[in-house]
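Next up, data21.csv (CSV, C-alpha atoms):
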```
chain,number,residue,atom,x,y,z
A,283,MET,CA,-8.2,5.2,14.2
A,284,SER,CA,-8.8,1.5,14.7
A,285,ASP,CA,-6.6,-0.4,17.2
A,286,LEU,CA,-5.4,-2.4,14.1
A,287,GLN,CA,-3.1,-0.2,12.2
A,288,LEU,CA,-2.4,-1.1,8.5
A,289,LEU,CA,-0.4,2.1,7.9
A,290,SER,CA,2.7,2.6,10.0
A,291,PRO,CA,4.0,6.1,10.9
A,292,ASP,CA,6.6,5.7,8.2
A,293,ASP,CA,3.9,4.7,5.7
A,294,ILE,CA,1.8,7.7,6.7
A,295,LYS,CA,4.8,10.1,5.9
A,296,LYS,CA,5.2,8.5,2.5
A,297,VAL,CA,1.5,8.8,1.7
A,298,GLN,CA,1.4,12.4,2.8
A,299,HIS,CA,4.6,13.3,0.8
A,300,ALA,CA,3.1,11.9,-2.4
A,301,ILE,CA,-0.4,13.2,-2.0
A,302,GLU,CA,0.6,16.8,-1.1
A,303,ARG,CA,2.1,17.1,-4.6
A,304,CYS,CA,-1.2,16.1,-6.3
A,305,THR,CA,-2.9,19.1,-7.9
A,306,LYS,CA,-5.5,17.2,-10.0
A,307,ASN,CA,-8.6,15.4,-8.8
A,308,LEU,CA,-8.5,11.7,-8.1
A,309,GLN,CA,-11.2,9.5,-6.8
A,310,LEU,CA,-10.6,6.2,-5.0
A,311,LYS,CA,-13.8,4.1,-5.3
A,312,ALA,CA,-14.2,0.7,-3.7
A,313,ILE,CA,-16.8,-2.0,-4.3
A,314,LEU,CA,-16.9,-4.3,-1.3
A,315,LEU,CA,-18.6,-7.5,-0.5
A,316,ASP,CA,-20.6,-8.4,2.6
A,317,GLU,CA,-19.0,-11.0,5.0
A,318,CYS,CA,-15.7,-10.8,3.3
A,319,LYS,CA,-12.4,-10.6,5.2
A,320,LEU,CA,-10.6,-8.8,2.3
A,321,SER,CA,-13.4,-6.3,2.0
A,322,ASP,CA,-13.2,-5.6,5.8
A,323,LYS,CA,-9.4,-5.1,5.4
A,324,ILE,CA,-9.9,-2.8,2.4
A,325,ARG,CA,-12.4,-0.8,4.3
A,326,LEU,CA,-10.0,-0.4,7.2
A,327,PHE,CA,-7.2,0.7,4.9
A,328,LEU,CA,-9.3,3.3,3.1
A,329,ASN,CA,-10.6,4.6,6.5
A,330,GLU,CA,-7.0,5.0,7.7
A,331,LEU,CA,-6.0,6.6,4.4
A,332,SER,CA,-8.9,9.1,4.6
A,333,GLU,CA,-7.6,10.2,8.0
A,334,VAL,CA,-4.1,11.1,6.8
A,335,VAL,CA,-5.0,12.5,3.4
A,336,ASN,CA,-5.0,16.3,3.6
A,337,ASN,CA,-5.7,17.2,0.1
A,338,GLU,CA,-9.1,18.3,-1.2
A,339,ASN,CA,-8.3,16.9,-4.7
A,340,ILE,CA,-8.4,13.3,-3.3
A,341,SER,CA,-11.7,11.7,-2.5
A,342,ILE,CA,-12.5,8.2,-1.1
A,343,GLU,CA,-15.8,6.4,-1.5
A,344,MET,CA,-16.9,2.9,-0.6
A,345,PHE,CA,-19.9,1.0,-1.9
A,346,SER,CA,-21.4,-2.4,-1.3
A,347,LYS,CA,-21.7,-4.6,-4.4
A,348,GLY,CA,-25.0,-3.7,-6.1
A,349,GLU,CA,-25.1,-0.3,-4.5
A,350,ASN,CA,-23.6,1.7,-7.4
A,351,LEU,CA,-24.4,-0.2,-10.5
A,352,GLN,CA,-23.2,2.6,-12.8
A,353,LEU,CA,-19.7,2.4,-11.3
A,354,GLU,CA,-19.7,-1.4,-11.6
A,355,SER,CA,-20.7,-1.1,-15.2
A,356,GLU,CA,-17.8,1.3,-15.9
A,357,LEU,CA,-15.2,-1.1,-14.4
A,358,THR,CA,-13.7,-3.8,-16.6
A,359,THR,CA,-13.3,-6.4,-13.9
A,360,GLU,CA,-15.5,-9.1,-12.6
A,361,LEU,CA,-13.4,-9.7,-9.5
A,362,LYS,CA,-14.6,-8.2,-6.3
A,363,PRO,CA,-13.8,-6.5,-4.0
A,364,VAL,CA,-11.8,-3.9,-5.8
A,365,ILE,CA,-10.3,-0.4,-5.3
A,366,ALA,CA,-10.7,1.5,-8.5
A,367,LEU,CA,-8.6,4.6,-9.3
A,368,MET,CA,-10.6,7.2,-11.2
A,369,ASP,CA,-9.2,10.3,-12.9
A,370,GLU,CA,-10.1,14.0,-12.6
A,371,ASN,CA,-13.0,13.4,-14.9
A,372,GLY,CA,-14.3,10.5,-12.9
A,373,LYS,CA,-13.3,8.0,-15.6
A,374,TYR,CA,-11.8,4.7,-14.6
A,375,THR,CA,-8.0,4.8,-15.2
A,376,GLY,CA,-7.7,1.0,-15.7
A,377,ILE,CA,-5.9,0.7,-12.5
A,378,GLY,CA,-7.5,-1.5,-9.9
A,379,TYR,CA,-6.6,-3.3,-6.7
A,380,HIS,CA,-8.0,-6.6,-5.7
A,381,GLY,CA,-6.2,-6.5,-2.4
A,382,VAL,CA,-4.8,-4.1,0.2
A,383,PRO,CA,-1.9,-2.0,-1.1
A,384,THR,CA,0.1,-2.0,2.1
A,385,GLY,CA,3.7,-3.2,2.8
A,386,HIS,CA,5.6,-3.6,-0.4
A,387,GLU,CA,2.6,-2.7,-2.5
A,388,LEU,CA,2.2,0.7,-0.9
A,389,LYS,CA,4.9,2.2,-3.2
A,390,PRO,CA,3.3,1.3,-6.6
A,391,PHE,CA,-0.1,2.4,-5.2
A,392,MET,CA,1.3,5.9,-4.3
A,393,PHE,CA,3.2,6.1,-7.6
A,394,ALA,CA,-0.2,5.4,-9.4
A,395,ILE,CA,-1.8,8.3,-7.5
A,396,PHE,CA,1.2,10.5,-8.2
A,397,ASN,CA,1.1,9.7,-11.9
A,398,ILE,CA,-2.7,10.3,-12.1
A,399,ALA,CA,-3.1,13.4,-10.0
A,400,GLY,CA,0.5,14.8,-9.6
A,401,PRO,CA,3.4,15.7,-11.9
A,402,GLY,CA,4.0,12.1,-12.7
A,403,GLN,CA,7.1,10.1,-13.2
A,404,ILE,CA,9.3,10.8,-16.2
A,405,VAL,CA,9.4,8.0,-18.8
A,406,ASP,CA,11.6,7.8,-21.8
A,407,GLU,CA,9.9,9.3,-24.9
A,408,ASP,CA,10.5,6.2,-27.0
A,409,ILE,CA,9.0,3.9,-24.3
A,410,CYS,CA,6.0,6.2,-24.1
A,411,LYS,CA,5.5,6.0,-27.8
A,412,ARG,CA,5.8,2.2,-27.9
A,413,ALA,CA,3.5,1.8,-24.9
A,414,GLY,CA,0.9,4.1,-26.6
A,415,ALA,CA,1.0,1.9,-29.7
A,416,LEU,CA,0.2,-1.4,-27.9
A,417,LYS,CA,-3.0,-3.2,-28.7
A,418,PRO,CA,-5.9,-3.2,-26.2
A,419,MET,CA,-5.0,-5.6,-23.3
A,420,LYS,CA,-6.2,-6.8,-19.9
A,421,LEU,CA,-3.3,-7.2,-17.5
A,422,GLN,CA,-3.7,-8.9,-14.1
A,423,ILE,CA,-0.7,-9.0,-11.8
A,424,GLY,CA,-0.9,-11.9,-9.3
A,425,ILE,CA,1.0,-11.0,-6.2
A,426,SER,CA,1.6,-11.8,-2.5
A,427,PRO,CA,1.9,-8.9,0.0
A,428,THR,CA,5.2,-10.3,1.2
A,429,CYS,CA,6.8,-10.5,-2.3
A,430,VAL,CA,9.7,-8.0,-2.8
A,431,MET,CA,9.7,-8.6,-6.6
A,432,CYS,CA,6.0,-7.9,-7.2
A,433,PRO,CA,5.9,-4.1,-6.8
A,434,GLU,CA,8.1,-3.4,-9.8
A,435,LEU,CA,5.8,-5.4,-12.2
A,436,VAL,CA,2.7,-3.8,-10.6
A,437,GLN,CA,4.2,-0.3,-11.1
A,438,SER,CA,5.3,-1.0,-14.7
A,439,CYS,CA,1.8,-2.4,-15.7
A,440,GLN,CA,0.1,0.6,-14.1
A,441,HIS,CA,2.3,3.1,-15.9
A,442,VAL,CA,1.6,1.4,-19.2
A,443,ALA,CA,-2.1,1.5,-18.5
A,444,LEU,CA,-1.9,5.2,-17.8
A,445,ILE,CA,0.0,5.8,-21.1
A,446,ASN,CA,-2.4,3.7,-23.1
A,447,GLY,CA,-6.0,4.0,-22.2
A,448,ASN,CA,-6.8,0.7,-24.0
A,449,ILE,CA,-4.9,-1.2,-21.3
A,450,THR,CA,-6.0,-2.1,-17.8
A,451,ALA,CA,-3.7,-3.2,-15.0
A,452,GLU,CA,-5.2,-4.8,-11.9
A,453,MET,CA,-3.2,-6.1,-8.9
A,454,VAL,CA,-4.6,-9.3,-7.6
A,455,ASP,CA,-3.7,-10.7,-4.1
A,456,LEU,CA,-3.6,-14.4,-4.9
A,457,VAL,CA,-3.9,-15.2,-1.2
A,458,HIS,CA,-7.5,-14.0,-1.4
A,459,PHE,CA,-8.2,-15.2,-5.0
A,460,SER,CA,-7.2,-18.8,-4.9
A,461,GLU,CA,-9.5,-19.7,-7.8
A,462,LEU,CA,-7.4,-17.5,-10.1
A,463,ARG,CA,-4.2,-19.2,-8.9
A,464,LYS,CA,-5.7,-22.6,-9.5
A,465,LYS,CA,-7.1,-21.7,-12.9
A,466,PHE,CA,-3.7,-20.6,-14.3
A,467,ASN,CA,-1.7,-23.1,-12.2
A,468,ILE,CA,0.4,-20.3,-10.7
A,469,MET,CA,3.2,-21.6,-8.6
A,470,SER,CA,5.4,-18.5,-8.4
A,471,ILE,CA,5.0,-14.7,-8.3
A,472,PRO,CA,4.8,-12.2,-9.6
A,473,ALA,CA,2.6,-13.7,-12.3
A,474,LEU,CA,1.3,-11.5,-15.2
A,475,ILE,CA,-1.9,-12.8,-16.7
A,476,ILE,CA,-2.4,-11.4,-20.1
A,477,ASN,CA,-6.0,-11.2,-21.6
A,478,ASP,CA,-7.2,-14.0,-19.3
A,479,GLU,CA,-5.1,-16.4,-21.5
A,480,GLU,CA,-1.4,-16.6,-20.9
A,481,VAL,CA,0.8,-16.2,-17.8
A,482,VAL,CA,4.3,-14.8,-17.7
A,483,PHE,CA,6.4,-15.0,-14.5
A,484,GLY,CA,9.0,-12.7,-13.0
A,485,GLY,CA,9.6,-9.0,-12.4
A,486,LYS,CA,9.9,-6.5,-15.2
A,487,ASN,CA,10.7,-2.8,-15.5
A,488,ILE,CA,8.6,-0.7,-17.9
A,489,GLU,CA,11.0,-1.2,-20.8
A,490,GLU,CA,11.0,-5.0,-20.4
A,491,LEU,CA,7.3,-5.0,-20.0
A,492,VAL,CA,6.7,-3.0,-23.2
A,493,GLU,CA,9.0,-5.3,-25.1
A,494,LEU,CA,7.0,-8.3,-23.9
A,495,LEU,CA,3.6,-6.8,-24.7
A,496,GLU,CA,4.6,-5.8,-28.2
A,497,LYS,CA,4.5,-9.5,-29.0
A,498,TYR,CA,0.8,-9.6,-28.5
```
Show me this structure written as structure tokens.
Amino acid sequence: MSDLQLLSPDDIKKVQHAIERCTKNLQLKAILLDECKLSDKIRLFLNELSEVVNNENISIEMFSKGENLQLESELTTELKPVIALMDENGKYTGIGYHGVPTGHELKPFMFAIFNIAGPGQIVDEDICKRAGALKPMKLQIGISPTCVMCPELVQSCQHVALINGNITAEMVDLVHFSELRKKFNIMSIPALIINDEEVVFGGKNIEELVELLEKY
């Protein structure tokens, strides 16, 4: 491994515990930029992850922008770099990371993998039904890696996206995407950007999120 470690020994145990329960195929595909610090960090993270993943169902691939145009056309985001989570059929799940899912963001990242390729979390039947009935939506969750409130909203948005295939949920590290922060005048986090139009602030569990999105 590199001298710079993004995953601590405790992180590695959590990763291995979640991934060893995955029985379906899942692909992590990254589109990276040249001469980009965030891309370098994502590359390091995925390289570390590949060394601790001991599950033939999980695959990790990295591409430079323009190298895999078919993949880029399948994704619904213009922001790069990105880590895209693909399901067992190689289809984009709607879950993307414009940042490195370490620290507080490791938990929702692992739950996303668990929900796609493993048994998945149990969600109330009524909440599932309501989430499945939501209109198509683009959700971007503006976060900071040090924010303790951000992971809950990220996880809620990701779960709704997995329930409803017409919804995408992408985590955006605003430290690296200052143009998005300026565009929406984001002064606090977590910040939920809905359909590139409206911003809602604060953490939300899945029930609170579904109730909010039903208004759109």
Could you tell me which of A:Pro433, A:Ile313, A:Pro390, A:Ile301 comes closest to A:Leu351 if we count all atoms listed in the file?
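Under the stated criterion, the closest residue is A:Ile313.
The protein and nucleic acid residues lying at most 12 Å from A:Glu479 are Met419, Lys420, Leu421, Gln422, Leu462, Lys465, Phe466, Asn467, Leu474 and Tyr498 of chain A, with all atoms listed in the file considered and sequence neighbours fewer than 5 positions away removed.
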Please return the centre and edge lengths, in Å to one decimal, of a box with edges along x, y and z that contains all listed atoms of stretch 442-449 of chain A, widened by 3 Å on every side, as AutoDock Vina command-line options.
```
--center_x -2.6 --center_y 2.3 --center_z -20.9 --size_x 14.4 --size_y 13.0 --size_z 12.2
```
Which is closer to A:Phe391 than all the others in A:Lys373, A:His441, A:His458, A:Lys411, using only C-alpha atoms?
A:His441
When you look at A:Thr384 with a cut-off of 8 Å (counting only C-alpha atoms), what residues show up, excluding the ones that are within fewer than 4 positions of it in the same chain? I need them as a list in words.
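Here the answer would be Leu288, Leu289, Leu388 and Pro427 of chain A.
Comparing A:Val457, A:Ile404, A:Ile471, A:Cys318 by their smallest distance to A:Cys432, the closest is A:Ile471 (using only C-alpha atoms).
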Show me the residues close to (-0.4, 14.2, -13.8) - anything with an atom within 10 Å, counting only C-alpha atoms - and format the list as a ChimeraX atom specification.
/A:303-307,369-370,394-403,444
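Candidate residues A:Leu308, A:Cys410, A:Ala415, A:Ala473 were compared for distance to A:Met368, and the nearest is A:Leu308, using all atoms listed in the file.
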Kindly provide, as a list of chain:residue names, the polymer residues lying within 9 Å of (6.0, -8.0, -6.6), counting only C-alpha atoms and using the coordinates exactly as they appear in the file.
A:His386, A:Glu387, A:Ile423, A:Gly424, A:Ile425, A:Ser426, A:Pro427, A:Thr428, A:Cys429, A:Val430, A:Met431, A:Cys432, A:Pro433, A:Glu434, A:Leu435, A:Val436, A:Ile471, A:Pro472, A:Ala473, A:Gly484, A:Gly485
Find the residues near A:Gly378: any atom within 7 Å, counting all atoms listed in the file, skip ones fewer than 5 places away on the same chain, and give them as a list in words.
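My reading of the contact set: Val364, Ile365, Ala366, Leu367, Ala451, Glu452 and Met453 of chain A.
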Go through A:Cys439, A:Leu357, A:Ile468, A:Ile294 and flag the residue nearest A:Asn336, using only C-alpha atoms for the distances.
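Result for the nearest residue to A:Asn336: A:Ile294.
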Using only C-alpha atoms, pick whichever of A:Leu416, A:Leu314, A:Val297, A:Lys347 has the shortest atom-to-atom distance to A:Pro383.
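Using only C-alpha atoms, the shortest distance to A:Pro383 belongs to A:Val297.
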For atom CA of A:Lys389 and atom CA of A:Ala300, quote the distance in Å rounded to one decimal.
9.9 Å
How far is it from atom CA of A:Leu361 to atom CA of A:Lys323, in Å with one decimal?
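Atom-to-atom, atom CA of A:Leu361 to atom CA of A:Lys323, that is 16.1 Å.
Rounded to one decimal, atom CA of A:Leu328 and atom CA of A:Ser355 lie 22.0 Å from each other.
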Repaired coordinates for stretch 310-323 of chain A (N, CA and C atoms) as a PDB file, keeping the file's coordinate frame:
```pdb
ATOM      1  N   LEU A 310     -10.810   7.568  -5.324  1.00  0.00           N
ATOM      2  CA  LEU A 310     -10.600   6.200  -5.000  1.00  0.00           C
ATOM      3  C   LEU A 310     -12.012   5.613  -4.683  1.00  0.00           C
ATOM      4  N   LYS A 311     -12.492   4.680  -5.497  1.00  0.00           N
ATOM      5  CA  LYS A 311     -13.800   4.100  -5.300  1.00  0.00           C
ATOM      6  C   LYS A 311     -13.721   2.615  -5.118  1.00  0.00           C
ATOM      7  N   ALA A 312     -14.245   2.128  -4.019  1.00  0.00           N
ATOM      8  CA  ALA A 312     -14.200   0.700  -3.700  1.00  0.00           C
ATOM      9  C   ALA A 312     -15.538   0.054  -3.793  1.00  0.00           C
ATOM     10  N   ILE A 313     -15.567  -1.142  -4.350  1.00  0.00           N
ATOM     11  CA  ILE A 313     -16.800  -2.000  -4.300  1.00  0.00           C
ATOM     12  C   ILE A 313     -16.459  -3.159  -3.422  1.00  0.00           C
ATOM     13  N   LEU A 314     -17.223  -3.290  -2.349  1.00  0.00           N
ATOM     14  CA  LEU A 314     -16.900  -4.300  -1.300  1.00  0.00           C
ATOM     15  C   LEU A 314     -18.030  -5.307  -1.200  1.00  0.00           C
ATOM     16  N   LEU A 315     -17.671  -6.449  -0.652  1.00  0.00           N
ATOM     17  CA  LEU A 315     -18.600  -7.500  -0.500  1.00  0.00           C
ATOM     18  C   LEU A 315     -18.967  -7.691   1.005  1.00  0.00           C
ATOM     19  N   ASP A 316     -20.154  -8.178   1.262  1.00  0.00           N
ATOM     20  CA  ASP A 316     -20.600  -8.400   2.600  1.00  0.00           C
ATOM     21  C   ASP A 316     -19.908  -9.739   3.130  1.00  0.00           C
ATOM     22  N   GLU A 317     -19.632  -9.785   4.420  1.00  0.00           N
ATOM     23  CA  GLU A 317     -19.000 -11.000   5.000  1.00  0.00           C
ATOM     24  C   GLU A 317     -17.814 -11.454   4.282  1.00  0.00           C
ATOM     25  N   CYS A 318     -16.921 -10.528   4.036  1.00  0.00           N
ATOM     26  CA  CYS A 318     -15.700 -10.800   3.300  1.00  0.00           C
ATOM     27  C   CYS A 318     -14.513 -10.206   4.018  1.00  0.00           C
ATOM     28  N   LYS A 319     -13.562 -11.048   4.383  1.00  0.00           N
ATOM     29  CA  LYS A 319     -12.400 -10.600   5.200  1.00  0.00           C
ATOM     30  C   LYS A 319     -11.586  -9.560   4.384  1.00  0.00           C
ATOM     31  N   LEU A 320     -11.415  -9.803   3.086  1.00  0.00           N
ATOM     32  CA  LEU A 320     -10.600  -8.800   2.300  1.00  0.00           C
ATOM     33  C   LEU A 320     -11.358  -7.509   2.209  1.00  0.00           C
ATOM     34  N   SER A 321     -12.672  -7.532   2.056  1.00  0.00           N
ATOM     35  CA  SER A 321     -13.400  -6.300   2.000  1.00  0.00           C
ATOM     36  C   SER A 321     -13.301  -5.527   3.336  1.00  0.00           C
ATOM     37  N   ASP A 322     -13.322  -6.250   4.438  1.00  0.00           N
ATOM     38  CA  ASP A 322     -13.200  -5.600   5.800  1.00  0.00           C
ATOM     39  C   ASP A 322     -11.786  -4.948   5.852  1.00  0.00           C
ATOM     40  N   LYS A 323     -10.775  -5.611   5.308  1.00  0.00           N
ATOM     41  CA  LYS A 323      -9.400  -5.100   5.400  1.00  0.00           C
ATOM     42  C   LYS A 323      -9.270  -3.850   4.469  1.00  0.00           C
TER      43      LYS A 323
END
```
